[in-house]
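Structure first, commentary second.
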Amino acid sequence: MKITRKLILAFGFLLMSGMAWAKSQIVIETAKTGLVFTVGDDGRLYQSYLGKRLPAKSDYAGLPLGKEAYQAHGMEDYFEPAIHINRADANSSTLLEYRSHETKACPGGTETVIRLADPVYADEVALHFMAYADEDVFVAWSEVFNREKKAIELEKYASAMLHFYAPKYYLTQYDGDWAAEVRRHTQELYFGKKVIDTKLGARADMFAPPFFQLSIGTPATEKAGEVLVGTLAWTGNYRFTFEVDNLGALRVLGGINPYASQYRIDKGGSFRTPDFIFTLSQCGTGQASRNLHDWARKYRVKDGTGNRMTLLNNWEATYFDFNEDKLLKLIADAKELGVDMFLLDDGWFGNKYPRHSDTQGLGDWDVTAGKLPNGIGRLTDEARRQGVKFGLWIEPEMVNPKSELYEKHKDWVITLPNRKEYYFRNQLVLDMSNPKVQDYVFGVVDGLLTRYPGIAYFKWDCNSPITNIYSNYEGHDQTHLYVDYVCGLYNVLKRIEAKYPDLPMMLCSGGGGRTDYEALKYFTEMWPSDNTDPVERLFIQWGYSQVFPAKVQCAHVTSWNKDAGIKFRVNVAMMGKLGFDINLHDISAGELAYCKQSVADFNRLKPAILDGDQYRLVSPYDGNHASTMYVTKDRRSGVVFAFDIYPRYAERLYNVVLDGLDASAIYSVREINRADGSQGEARSYSGAYLMTVGLPLFTGNKLSSRVYELTAE
């Protein structure tokens, strides 16, 4: 008999479960994946299966029991628990028995709720699983209910726990730092624990975004292998734990980082954990990414199926040094460039402490009279006259010590009462756990929009992690700060959404310091990195595309790395939500003409780039070239980007094999977006040819790029 991984999996689970068999099963399925829970003879809930969907539900009947689905602290398990509760009688053990479950339809799929309870202490846990059928995505979270007579304290509280049993596991994580985000690293997991977490608070994702890829059995590639891709929807401290036990089984836990975050639940109260979002692909990381992209656009990102505005930002053109006349000329430049919007960045506010650098003024959101004597209204009026939208930069959660806000409301600031203050980027963080601060932050947005209704967009920044960690508001509940800060932020964002439902906003945090799917409920897009060097952006955008669609990745053309000509820089930015952050008067007439042409090309290609399927064809990690492709949902058109980075002399070049096309269709392929404004000669190929033989898209030229448009004949 041939021994397969599935047989090993089944045999291993039999050993681990002591040959126990099912009382009843709970089957949760998407179109391609099955997740099966079993109630054992001991009344507990076990995960019996997570894998490729089987042809019939009866196929799951022979599954072994498996591992406990939401392992609690203090009983017979020796490894990382999903939940740990401290009680008034000092007994911190928990035993969860199955009580009931129900499944109901929800938009795009089903929601299953499994209710568990402790028979001694009456604490209850509800495990939620939303299964999106077509997108093959699961969203899981837990709710803890205190049914006791006194308060309980959550020591650990995972959103979900998943179990695997395979010969090998390979974890791919993405980490880095400011301007060096999402550097890819892969390692094999052995006995013991691997943890990815953050303790930064407000700017939580500065060192690592909250997502991972876990290959089961063998390392997954773009097109092959079983891989779990998971992410946590939480704009704060998170933790992923991967633990291989003595029998070779792996448990995966995702949730809020419990570090300094023990959380009290009063009698009759409850606590809901953030969403843990995951997809299990049998066809490699590319399919997993497309699953998440489709799900995000349909169900999670603000205005996920709507349009996105191209823009011109003033930052690199002026930095803090601008006045009304300069900005009026830049608004005219936005019109000339053909973009949808002009965005005014940092430096427009503060009077007692005018904002001339990052050292002062933050928190004082009154327009600097010396710079803008006619206020923001003069700028929005000019934008309207020019036929472009007007956007504005804000950072409402932060404060400079040199500001009127700090002088008046130091009690609103997260800072230690008896120690010297530590500043990150010359600023401190406001205490969003405080309802008065929430009112203030909401008032920043509401006040600007009330006074200047012509503002059509906000770039919402967040440049500092939480330092000097102490809340004047929380009092003796200091361990609530990290959680309550995020909940307070969501309260503000919900109020903004309710009053201004159509307001687009960019989620910015000194670059990629905030990159999660809960914040993206309220933001139409995010700023992946302050690093806009186009070579670095190939890697950064490649990394974020593992989980996030191009539609939410702002990509700007700047003056970084001028060795890469304007074409290379523009082509990299066209693979996201296109924007410009350059002084148009510092480039030649030919370069300006090319930028204008590119805006028009990008607008035509939006259905493929922003709303289509993305295929990562050649990774920049694999050599001196890179290529990415986007195909419309009907497979009638697409666009391919090809980049030569730093090829070696006489390097061997190979065809780039395309993907995602209709094999039976004939496609016209033409090079577009050339530097001289011309288009290449169209040639016809079958989809089968393009996806089998491919095309010679690379050259030996350094920092060169090409764009090819495909149209079904």
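Identifiers for the structure tokens are assigned positionally: chains receive A, B, ... in sequence, residues are indexed from 1 per chain, and ligands are indexed from 1 in the order shown.
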
Per residue of range 594-665 of chain A within 9 Å of range 276-292 of chain A, note the shortest atom pair and the distance in Å to one decimal, counting only C-alpha atoms, and order the rows by chain and increasing residue number, as JSON lines.
{"residue": "A:Asp613", "atom": "CA", "partner": "A:Arg290", "partner_atom": "CA", "distance": 6.3}
{"residue": "A:Gln614", "atom": "CA", "partner": "A:Arg290", "partner_atom": "CA", "distance": 6.7}
{"residue": "A:Tyr615", "atom": "CA", "partner": "A:Gly286", "partner_atom": "CA", "distance": 6.6}
{"residue": "A:Arg616", "atom": "CA", "partner": "A:Gly286", "partner_atom": "CA", "distance": 7.0}

Practice prompt. Would you mind listing what lies within 9 Å of Ile26 in chain A as number ranges by chain, with only C-alpha atoms counted and same-chain residues fewer than 2 positions away left out?
Written response: A: 24, 28, 35-39, 101, 112, 114

Store the residues picked out above, limited to N, CA and C atoms, as a PDB file, in the first residue's frame.
ATOM      1  N   SER A  24     -20.656  13.314  17.042  1.00  0.00           N
ATOM      2  CA  SER A  24     -21.282  14.088  15.972  1.00  0.00           C
ATOM      3  C   SER A  24     -20.234  14.965  15.334  1.00  0.00           C
ATOM      4  N   ILE A  28     -17.751  22.440   7.960  1.00  0.00           N
ATOM      5  CA  ILE A  28     -17.771  23.800   7.421  1.00  0.00           C
ATOM      6  C   ILE A  28     -16.980  23.771   6.118  1.00  0.00           C
ATOM      7  N   LEU A  35     -13.407  22.066   6.604  1.00  0.00           N
ATOM      8  CA  LEU A  35     -12.969  22.192   7.994  1.00  0.00           C
ATOM      9  C   LEU A  35     -13.966  21.414   8.835  1.00  0.00           C
ATOM     10  N   VAL A  36     -13.501  20.384   9.525  1.00  0.00           N
ATOM     11  CA  VAL A  36     -14.402  19.460  10.218  1.00  0.00           C
ATOM     12  C   VAL A  36     -14.064  19.410  11.704  1.00  0.00           C
ATOM     13  N   PHE A  37     -15.093  19.594  12.538  1.00  0.00           N
ATOM     14  CA  PHE A  37     -14.974  19.450  13.980  1.00  0.00           C
ATOM     15  C   PHE A  37     -15.812  18.264  14.432  1.00  0.00           C
ATOM     16  N   THR A  38     -15.331  17.606  15.469  1.00  0.00           N
ATOM     17  CA  THR A  38     -16.001  16.420  15.983  1.00  0.00           C
ATOM     18  C   THR A  38     -16.194  16.556  17.491  1.00  0.00           C
ATOM     19  N   VAL A  39     -17.361  16.178  17.965  1.00  0.00           N
ATOM     20  CA  VAL A  39     -17.612  16.122  19.397  1.00  0.00           C
ATOM     21  C   VAL A  39     -17.272  14.714  19.875  1.00  0.00           C
ATOM     22  N   HIS A 101     -24.432  24.118  18.369  1.00  0.00           N
ATOM     23  CA  HIS A 101     -23.906  24.865  17.231  1.00  0.00           C
ATOM     24  C   HIS A 101     -25.035  25.153  16.260  1.00  0.00           C
ATOM     25  N   THR A 112     -20.918  29.689  10.933  1.00  0.00           N
ATOM     26  CA  THR A 112     -21.150  28.629  11.904  1.00  0.00           C
ATOM     27  C   THR A 112     -20.677  29.105  13.268  1.00  0.00           C
ATOM     28  N   ILE A 114     -20.126  27.735  17.143  1.00  0.00           N
ATOM     29  CA  ILE A 114     -20.039  26.559  18.008  1.00  0.00           C
ATOM     30  C   ILE A 114     -19.894  27.061  19.438  1.00  0.00           C
TER      31      ILE A 114
END

Could the residues of range 559-579 of chain A that have an atom at most 12 Å from range 662-683 of chain A be listed as a Markdown table, each with its closest atom pair and the distance in Å to one decimal, counting only C-alpha atoms and ordered by chain and ascending residue number?
| residue | atom | partner | partner_atom | distance |
| --- | --- | --- | --- | --- |
| A:Gly565 | CA | A:Ala675 | CA | 9.8 |
| A:Ile566 | CA | A:Ala675 | CA | 8.7 |
| A:Lys567 | CA | A:Ala675 | CA | 6.4 |
| A:Phe568 | CA | A:Ala675 | CA | 9.7 |
| A:Arg569 | CA | A:Ala675 | CA | 11.8 |
| A:Val570 | CA | A:Asn673 | CA | 9.8 |
| A:Asn571 | CA | A:Asn673 | CA | 8.6 |
| A:Met574 | CA | A:Asn673 | CA | 10.7 |

Generate the output file for the selected residues, N, CA, C and O atoms, as a PDB file, in the first residue's frame.
ATOM      1  N   GLY A 565      15.257  55.462 -14.738  1.00  0.00           N
ATOM      2  CA  GLY A 565      14.600  56.548 -15.456  1.00  0.00           C
ATOM      3  C   GLY A 565      13.127  56.649 -15.109  1.00  0.00           C
ATOM      4  O   GLY A 565      12.552  55.809 -14.411  1.00  0.00           O
ATOM      5  N   ILE A 566      12.502  57.684 -15.638  1.00  0.00           N
ATOM      6  CA  ILE A 566      11.097  57.931 -15.324  1.00  0.00           C
ATOM      7  C   ILE A 566      10.212  56.758 -15.736  1.00  0.00           C
ATOM      8  O   ILE A 566       9.250  56.429 -15.054  1.00  0.00           O
ATOM      9  N   LYS A 567      10.558  56.084 -16.827  1.00  0.00           N
ATOM     10  CA  LYS A 567       9.729  54.960 -17.282  1.00  0.00           C
ATOM     11  C   LYS A 567       9.735  53.821 -16.269  1.00  0.00           C
ATOM     12  O   LYS A 567       8.681  53.278 -15.916  1.00  0.00           O
ATOM     13  N   PHE A 568      10.909  53.447 -15.800  1.00  0.00           N
ATOM     14  CA  PHE A 568      11.008  52.357 -14.824  1.00  0.00           C
ATOM     15  C   PHE A 568      10.229  52.713 -13.562  1.00  0.00           C
ATOM     16  O   PHE A 568       9.462  51.892 -13.029  1.00  0.00           O
ATOM     17  N   ARG A 569      10.411  53.950 -13.083  1.00  0.00           N
ATOM     18  CA  ARG A 569       9.730  54.373 -11.860  1.00  0.00           C
ATOM     19  C   ARG A 569       8.215  54.382 -12.037  1.00  0.00           C
ATOM     20  O   ARG A 569       7.465  53.940 -11.158  1.00  0.00           O
ATOM     21  N   VAL A 570       7.756  54.868 -13.174  1.00  0.00           N
ATOM     22  CA  VAL A 570       6.318  54.912 -13.428  1.00  0.00           C
ATOM     23  C   VAL A 570       5.746  53.509 -13.567  1.00  0.00           C
ATOM     24  O   VAL A 570       4.675  53.194 -13.027  1.00  0.00           O
ATOM     25  N   ASN A 571       6.449  52.628 -14.268  1.00  0.00           N
ATOM     26  CA  ASN A 571       5.931  51.274 -14.477  1.00  0.00           C
ATOM     27  C   ASN A 571       5.780  50.506 -13.173  1.00  0.00           C
ATOM     28  O   ASN A 571       4.818  49.754 -12.979  1.00  0.00           O
ATOM     29  N   MET A 574       2.678  51.831 -11.502  1.00  0.00           N
ATOM     30  CA  MET A 574       1.438  51.442 -12.181  1.00  0.00           C
ATOM     31  C   MET A 574       0.913  50.093 -11.704  1.00  0.00           C
ATOM     32  O   MET A 574      -0.232  49.744 -11.971  1.00  0.00           O
TER      33      MET A 574
END

Discussion item. Between A:Pro696, A:Phe138, A:Ser93, A:Leu658, which residue has the minimum interatomic distance to Glu111 in chain A, considering only C-alpha atoms?
Written reply: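 Distance minimum relative to Glu111 in chain A lands on A:Phe138.
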
Name all residues at most 7 Å from Gly43 in chain A (count only C-alpha atoms; drop same-chain ones fewer than 2 positions away) and give them as a CSV table (one decimal) with N, CA and C atoms, in the first residue's frame.
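Contents of result33.csv, as written:
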chain,number,residue,atom,x,y,z
A,39,VAL,N,-17.4,16.2,18.0
A,39,VAL,CA,-17.6,16.1,19.4
A,39,VAL,C,-17.3,14.7,19.9
A,40,GLY,N,-16.3,14.6,20.8
A,40,GLY,CA,-15.9,13.3,21.2
A,40,GLY,C,-16.7,12.7,22.3
A,41,ASP,N,-16.5,11.5,22.7
A,41,ASP,CA,-17.2,10.8,23.8
A,41,ASP,C,-17.1,11.6,25.1
A,45,LEU,N,-14.8,19.4,22.0
A,45,LEU,CA,-14.7,19.6,20.6
A,45,LEU,C,-13.3,19.4,20.1
A,97,GLU,N,-16.6,22.2,27.2
A,97,GLU,CA,-17.4,21.1,26.6
A,97,GLU,C,-18.4,21.7,25.6
A,98,TYR,N,-18.7,20.9,24.6
A,98,TYR,CA,-19.6,21.3,23.6
A,98,TYR,C,-21.0,21.4,24.1

Worksheet item: Near Asp484 in chain A, within 6 Å and counting only C-alpha atoms, which residues show up once chain neighbours fewer than 4 positions away are dropped, as a PyMOL selection string?
Response: chain A and resi 433+480+488

Worksheet item: Skipping near chain neighbours, those fewer than 2 positions away, what residues fall within 12 Å of Asn246 in chain A using only C-alpha atoms, listed as a list in words?
Response: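 Neighbouring residues, sequence-local ones excluded: Gly12, Met16, Asp77, Tyr78, Phe79, Tyr165, Tyr190, Phe191, Gly192, Lys193, Glu243, Val244, Gly248, Ala249, Leu250 and Arg251 of chain A.
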
Just list the residues in range 342-417 of chain A DSSP gives alpha helix (DSSP H) on the backbone, as an mmCIF file with all heavy atoms, in the first residue's frame.
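To be explicit, this is the file written out as out31.cif:
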data_model
loop_
_atom_site.group_PDB
_atom_site.id
_atom_site.type_symbol
_atom_site.label_atom_id
_atom_site.label_comp_id
_atom_site.auth_asym_id
_atom_site.auth_seq_id
_atom_site.Cartn_x
_atom_site.Cartn_y
_atom_site.Cartn_z
ATOM 1 N N GLY A 375 -6.796 80.207 4.112
ATOM 2 C CA GLY A 375 -7.257 78.917 4.608
ATOM 3 C C GLY A 375 -7.268 77.826 3.555
ATOM 4 O O GLY A 375 -6.857 78.007 2.400
ATOM 5 N N ILE A 376 -7.745 76.665 3.981
ATOM 6 C CA ILE A 376 -7.872 75.523 3.078
ATOM 7 C C ILE A 376 -8.918 75.807 2.000
ATOM 8 O O ILE A 376 -8.834 75.302 0.878
ATOM 9 C CB ILE A 376 -8.251 74.250 3.870
ATOM 10 C CG1 ILE A 376 -7.142 73.905 4.882
ATOM 11 C CG2 ILE A 376 -8.497 73.072 2.941
ATOM 12 C CD1 ILE A 376 -5.831 73.511 4.276
ATOM 13 N N GLY A 377 -9.883 76.654 2.324
ATOM 14 C CA GLY A 377 -10.952 76.944 1.370
ATOM 15 C C GLY A 377 -10.451 77.511 0.057
ATOM 16 O O GLY A 377 -11.001 77.211 -1.013
ATOM 17 N N ARG A 378 -9.410 78.329 0.121
ATOM 18 C CA ARG A 378 -8.844 78.870 -1.126
ATOM 19 C C ARG A 378 -8.301 77.746 -1.994
ATOM 20 O O ARG A 378 -8.403 77.786 -3.241
ATOM 21 C CB ARG A 378 -7.725 79.862 -0.785
ATOM 22 C CG ARG A 378 -7.003 80.435 -2.009
ATOM 23 C CD ARG A 378 -7.921 81.361 -2.799
ATOM 24 N NE ARG A 378 -7.235 81.917 -3.952
ATOM 25 C CZ ARG A 378 -7.210 81.360 -5.176
ATOM 26 N NH1 ARG A 378 -7.846 80.215 -5.385
ATOM 27 N NH2 ARG A 378 -6.551 81.942 -6.159
ATOM 28 N N LEU A 379 -7.722 76.730 -1.369
ATOM 29 C CA LEU A 379 -7.154 75.606 -2.111
ATOM 30 C C LEU A 379 -8.241 74.703 -2.683
ATOM 31 O O LEU A 379 -8.145 74.256 -3.832
ATOM 32 C CB LEU A 379 -6.223 74.804 -1.199
ATOM 33 C CG LEU A 379 -5.086 75.590 -0.536
ATOM 34 C CD1 LEU A 379 -4.267 74.669 0.361
ATOM 35 C CD2 LEU A 379 -4.192 76.263 -1.570
ATOM 36 N N THR A 380 -9.261 74.419 -1.898
ATOM 37 C CA THR A 380 -10.336 73.570 -2.415
ATOM 38 C C THR A 380 -11.092 74.276 -3.538
ATOM 39 O O THR A 380 -11.528 73.626 -4.500
ATOM 40 C CB THR A 380 -11.305 73.166 -1.295
ATOM 41 O OG1 THR A 380 -11.880 74.333 -0.697
ATOM 42 C CG2 THR A 380 -10.603 72.344 -0.219
ATOM 43 N N ASP A 381 -11.229 75.597 -3.432
ATOM 44 C CA ASP A 381 -11.888 76.348 -4.512
ATOM 45 C C ASP A 381 -11.081 76.261 -5.798
ATOM 46 O O ASP A 381 -11.642 76.078 -6.893
ATOM 47 C CB ASP A 381 -12.059 77.816 -4.112
ATOM 48 C CG ASP A 381 -13.118 78.019 -3.047
ATOM 49 O OD1 ASP A 381 -13.908 77.078 -2.806
ATOM 50 O OD2 ASP A 381 -13.147 79.102 -2.433
ATOM 51 N N GLU A 382 -9.754 76.387 -5.672
ATOM 52 C CA GLU A 382 -8.909 76.309 -6.866
ATOM 53 C C GLU A 382 -8.929 74.905 -7.455
ATOM 54 O O GLU A 382 -8.940 74.732 -8.685
ATOM 55 C CB GLU A 382 -7.474 76.707 -6.518
ATOM 56 C CG GLU A 382 -6.493 76.638 -7.675
ATOM 57 C CD GLU A 382 -6.828 77.590 -8.821
ATOM 58 O OE1 GLU A 382 -7.615 78.540 -8.603
ATOM 59 O OE2 GLU A 382 -6.287 77.388 -9.933
ATOM 60 N N ALA A 383 -8.929 73.892 -6.598
ATOM 61 C CA ALA A 383 -9.009 72.521 -7.095
ATOM 62 C C ALA A 383 -10.301 72.309 -7.869
ATOM 63 O O ALA A 383 -10.300 71.701 -8.953
ATOM 64 C CB ALA A 383 -8.901 71.537 -5.930
ATOM 65 N N ARG A 384 -11.404 72.809 -7.318
ATOM 66 C CA ARG A 384 -12.680 72.673 -8.018
ATOM 67 C C ARG A 384 -12.637 73.403 -9.363
ATOM 68 O O ARG A 384 -13.126 72.903 -10.376
ATOM 69 C CB ARG A 384 -13.810 73.215 -7.142
ATOM 70 C CG ARG A 384 -15.197 73.063 -7.774
ATOM 71 C CD ARG A 384 -16.316 73.427 -6.810
ATOM 72 N NE ARG A 384 -16.216 74.813 -6.352
ATOM 73 C CZ ARG A 384 -15.836 75.174 -5.136
ATOM 74 N NH1 ARG A 384 -15.496 74.251 -4.247
ATOM 75 N NH2 ARG A 384 -15.780 76.457 -4.795
ATOM 76 N N ARG A 385 -12.020 74.577 -9.385
ATOM 77 C CA ARG A 385 -11.923 75.338 -10.638
ATOM 78 C C ARG A 385 -11.089 74.587 -11.674
ATOM 79 O O ARG A 385 -11.391 74.619 -12.875
ATOM 80 C CB ARG A 385 -11.301 76.707 -10.354
ATOM 81 C CG ARG A 385 -11.416 77.707 -11.495
ATOM 82 C CD ARG A 385 -10.745 79.022 -11.157
ATOM 83 N NE ARG A 385 -9.290 78.894 -11.164
ATOM 84 C CZ ARG A 385 -8.553 78.936 -12.288
ATOM 85 N NH1 ARG A 385 -9.134 79.078 -13.456
ATOM 86 N NH2 ARG A 385 -7.241 78.824 -12.210
ATOM 87 N N GLN A 386 -10.055 73.911 -11.205
ATOM 88 C CA GLN A 386 -9.186 73.157 -12.114
ATOM 89 C C GLN A 386 -9.769 71.798 -12.491
ATOM 90 O O GLN A 386 -9.238 71.120 -13.373
ATOM 91 C CB GLN A 386 -7.811 72.947 -11.457
ATOM 92 C CG GLN A 386 -7.003 74.203 -11.257
ATOM 93 C CD GLN A 386 -6.365 74.713 -12.539
ATOM 94 O OE1 GLN A 386 -6.485 74.086 -13.600
ATOM 95 N NE2 GLN A 386 -5.702 75.860 -12.461
ATOM 96 N N GLU A 404 0.127 73.463 21.468
ATOM 97 C CA GLU A 404 -0.899 73.968 22.376
ATOM 98 C C GLU A 404 -1.707 72.827 22.976
ATOM 99 O O GLU A 404 -2.115 72.895 24.146
ATOM 100 C CB GLU A 404 -1.813 74.940 21.634
ATOM 101 C CG GLU A 404 -1.146 76.235 21.218
ATOM 102 C CD GLU A 404 -2.117 77.192 20.582
ATOM 103 O OE1 GLU A 404 -2.856 77.881 21.326
ATOM 104 O OE2 GLU A 404 -2.150 77.248 19.331
ATOM 105 N N LEU A 405 -1.948 71.782 22.197
ATOM 106 C CA LEU A 405 -2.716 70.647 22.719
ATOM 107 C C LEU A 405 -2.009 70.014 23.907
ATOM 108 O O LEU A 405 -2.635 69.710 24.934
ATOM 109 C CB LEU A 405 -2.938 69.604 21.616
ATOM 110 C CG LEU A 405 -3.712 68.358 22.046
ATOM 111 C CD1 LEU A 405 -5.140 68.705 22.435
ATOM 112 C CD2 LEU A 405 -3.696 67.284 20.957
ATOM 113 N N TYR A 406 -0.698 69.802 23.800
ATOM 114 C CA TYR A 406 0.061 69.206 24.891
ATOM 115 C C TYR A 406 0.021 70.108 26.128
ATOM 116 O O TYR A 406 -0.117 69.632 27.263
ATOM 117 C CB TYR A 406 1.501 68.973 24.444
ATOM 118 C CG TYR A 406 2.388 68.316 25.481
ATOM 119 C CD1 TYR A 406 2.460 66.928 25.577
ATOM 120 C CD2 TYR A 406 3.160 69.077 26.340
ATOM 121 C CE1 TYR A 406 3.285 66.319 26.517
ATOM 122 C CE2 TYR A 406 3.984 68.486 27.284
ATOM 123 C CZ TYR A 406 4.035 67.113 27.370
ATOM 124 O OH TYR A 406 4.847 66.504 28.303
ATOM 125 N N GLU A 407 0.128 71.408 25.916
ATOM 126 C CA GLU A 407 0.112 72.340 27.040
ATOM 127 C C GLU A 407 -1.231 72.347 27.767
ATOM 128 O O GLU A 407 -1.289 72.467 28.989
ATOM 129 C CB GLU A 407 0.440 73.746 26.533
ATOM 130 C CG GLU A 407 1.883 73.904 26.047
ATOM 131 C CD GLU A 407 2.143 75.249 25.392
ATOM 132 O OE1 GLU A 407 1.166 75.994 25.122
ATOM 133 O OE2 GLU A 407 3.321 75.559 25.131
ATOM 134 N N LYS A 408 -2.308 72.183 27.018
ATOM 135 C CA LYS A 408 -3.645 72.242 27.610
ATOM 136 C C LYS A 408 -4.122 70.891 28.140
ATOM 137 O O LYS A 408 -4.892 70.834 29.112
ATOM 138 C CB LYS A 408 -4.646 72.750 26.572
ATOM 139 C CG LYS A 408 -4.414 74.178 26.122
ATOM 140 C CD LYS A 408 -5.392 74.558 25.008
ATOM 141 C CE LYS A 408 -5.156 75.969 24.504
ATOM 142 N NZ LYS A 408 -6.060 76.313 23.360
#

Worksheet item: Leaving out range 440-443 of chain A and any residue of its chain fewer than 6 positions from it, which residues lie within 12 Å of it when counting only C-alpha atoms, given as number ranges by chain?
Response: A: 363-365, 394-399, 405, 409, 412, 429-434, 449-451, 460, 488-500

Worksheet item: In Å to one decimal, how far is CA of Glu226 in chain A from CA of Gln25 in chain A?
Response: 24.3 Å

Item to complete: Please provide as a list of chain:residue names all residues within 12 Å of Thr103 in chain A, with the sequence filter that same-chain residues fewer than 2 positions apart are discarded (counting only C-alpha atoms).
Response: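 Final neighbour list, sorted by chain and number: A:Ile26, A:Val27, A:Ile28, A:Glu29, A:Ser100, A:His101, A:Ala105, A:Cys106, A:Gly109, A:Thr110, A:Glu111, A:Thr112, A:Val113, A:Ile114, A:Arg115, A:Leu127, A:His128, A:Phe129, A:Met130, A:Ala131.
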
Discussion item. Could you go through range 414-621 of chain A and tell me which residues DSSP, when run on the backbone, assigns to strand (DSSP E), listing them as number ranges by chain?
Written reply: A: 428-429, 455-460, 505-507, 525-526, 554-557, 577-580, 613-618
